[in-house]
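S.K.: Would you mind keeping the following structure in view while I ask a few things?
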Amino acid sequence: MTDKGVFGQRYEARIARAISYVDENPADHISLEILSSVACLSPFHFHRVFRSLTGESVREFVERRKLEHAIALANKGKSWKYAAAACGFASPISFTRSFKRVFGVPPSAFDLSAWWNKRGDRDDAHRVSSYFLRPAPPLDPEFKVELMERPAVRLAVSRAWGGYLHPERLIGAYSRLRNWAEKAGISASDGKISGASRDDPDLTPLSRCRYDFLIELPEGVLPPTHFSLTERKAGLWAVAHAKGGLDIVDRAWSTLFKSWLPASGLDLRDEPAEEVYLKLPEDIGWTEFDLLCCVPVDYPKD
């Protein structure tokens with residue numbers, strides 16, 4: 001992943017639109033021409049800009065995201081045949097061929113732990129966090145989770161790529177958003193700013209992981225062109241408070257996802273979880289946190 005600089009800021013929102021299209025339409029045939037049209041760029045320029053910003057070709061990115069989506073479906077109990085069709089592969093044979101090219105084994109032989117041990121960024125992943133390799137912690141009766149309705153809201157997005165390996169990219173993406181919001185008179189207090197990981201580091205190489213900083217926009221306000229514009233849909237969220245160092249935040253996420261959620265009987269909605277900042281990093285630093293861990297869930301079934 002190269003530094004984006006002015007070039008990247010100029011095209012970042014356009015590429016983000018194309019990436020969102022891939023994530024939202026896993027079953028579709030997604031061509032270079034379709035994505036370049038979504039980004040409002042010629043196919044030739046789109047491919048060059050896309051690789052410059054993401055470090056992957058369009059084909060590599062689309063294939064990887066479809067396969068990661070297929071694994072997520074398989075982890076929810078769907079068959080590989082169902083997952084292949086749901087992710088737009090023409091046949092089980094083409095799905096198996098792609099899967100083996102990316103993950104080194106056919107889907108029937110895929111083992112997450114074994115794949116983790118072979119991945120090239122394993123040592124970096126261990127240094128960043130051992131969250132994904134830890135067993136589920138016991139569900140502490142003192143661990144409080146509130147089910148909360150959150151309304152629909154428009155959001156400006158500042159994205160960092162590879163921030164798990166390069167924390168300065170996270171800080172840079174956050175600072176760009178905060179500096180603009182302050183100049184525009186947009187409040188970032190009272191949980192108006194949040195962060196969301198768009199990828200699962202369990203599957204996605206750390207250098208390809210996206211992390212978005214989001215700020216709620218007042219009615220009628222549009223962000224500058226180097227930020228993306230998105231919407232958080234109205235819905236139900238499971239919310240837990242975490243206050244302290246990274247270990248406290250890490251444990252809160254681990255408990256929420258691995259212990260509380262399975263015991264709750266609730267299903268996840270297909271949206272990213274969010275960290276809502278009750279106190280901003282510029283007020284308390286980047287080593288201590290006071291935030292809400294928010295997980296999107298479906299409404300309980302009657």
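Ligands are numbered from 1 in the order shown, chains are lettered A, B, ... in the order of the structure tokens, and residues start at 1 in each chain.
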Using only C-alpha atoms, what table do you get, as JSON lines, when you list each residue of region 29-105 of chain A with an atom no more than 9 Å from region 207-220 of chain A, its nearest pair of atoms, and their distance in Å rounded to one decimal, rows by chain then rising number?

M.R.:
{"residue": "A:Thr54", "atom": "CA", "partner": "A:Arg208", "partner_atom": "CA", "distance": 7.2}
{"residue": "A:Gly55", "atom": "CA", "partner": "A:Arg208", "partner_atom": "CA", "distance": 7.8}
{"residue": "A:Glu56", "atom": "CA", "partner": "A:Arg208", "partner_atom": "CA", "distance": 8.6}

S.K.: As a list in words, please: the residues near region 169-173 of chain A (cut-off 6 Å, only C-alpha atoms, same-chain neighbours under 6 positions excluded).

M.R.: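 After dropping sequence-adjacent residues, the list is Ser158, Arg159, Ala160 and Gly163 of chain A.
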
S.K.: For the residues in that selection, give me N, CA, C and O atoms as an mmCIF file, in the first residue's frame.

M.R.:
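As a result, part-v5.cif now contains:
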data_model
loop_
_atom_site.group_PDB
_atom_site.id
_atom_site.type_symbol
_atom_site.label_atom_id
_atom_site.label_comp_id
_atom_site.auth_asym_id
_atom_site.auth_seq_id
_atom_site.Cartn_x
_atom_site.Cartn_y
_atom_site.Cartn_z
ATOM 1 N N SER A 158 -13.747 9.011 6.558
ATOM 2 C CA SER A 158 -12.315 9.127 6.263
ATOM 3 C C SER A 158 -11.703 7.743 6.471
ATOM 4 O O SER A 158 -11.774 7.189 7.569
ATOM 5 N N ARG A 159 -11.092 7.205 5.425
ATOM 6 C CA ARG A 159 -10.658 5.810 5.435
ATOM 7 C C ARG A 159 -9.148 5.680 5.566
ATOM 8 O O ARG A 159 -8.384 6.430 4.966
ATOM 9 N N ALA A 160 -8.727 4.692 6.371
ATOM 10 C CA ALA A 160 -7.313 4.308 6.472
ATOM 11 C C ALA A 160 -7.175 2.870 5.988
ATOM 12 O O ALA A 160 -7.975 2.007 6.358
ATOM 13 N N GLY A 163 -4.151 0.115 8.592
ATOM 14 C CA GLY A 163 -3.897 0.809 9.852
ATOM 15 C C GLY A 163 -3.455 -0.085 10.989
ATOM 16 O O GLY A 163 -2.818 0.384 11.931
#

S.K.: Which residue, A:Pro262, A:Gly104, A:Pro281, A:Pro223, has the smallest gap to Ala188 (chain A) when you use only C-alpha atoms?

M.R.: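 Of the candidates, the smallest distance to Ala188 (chain A) is held by A:Pro281.
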
S.K.: Mind listing the helix (DSSP H, G or I) residues of region 13-153 of chain A, per DSSP on the backbone, as an MDAnalysis selection string?

M.R.: chainID A and resid 13:24 32:38 43:54 58:75 80:86 92:103 107:109 112:118 122:128 131:133

S.K.: Between CA of Ala273 (chain A) and CA of Val22 (chain A), what distance in Å does the model show, to one decimal?

M.R.: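 Separation between CA of Ala273 (chain A) and CA of Val22 (chain A): 18.8 Å.
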
S.K.: Can you measure CA of Arg251 (chain A) to CA of Leu291 (chain A) for me? One decimal in Å is fine.

M.R.: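 It comes out at 13.1 Å.
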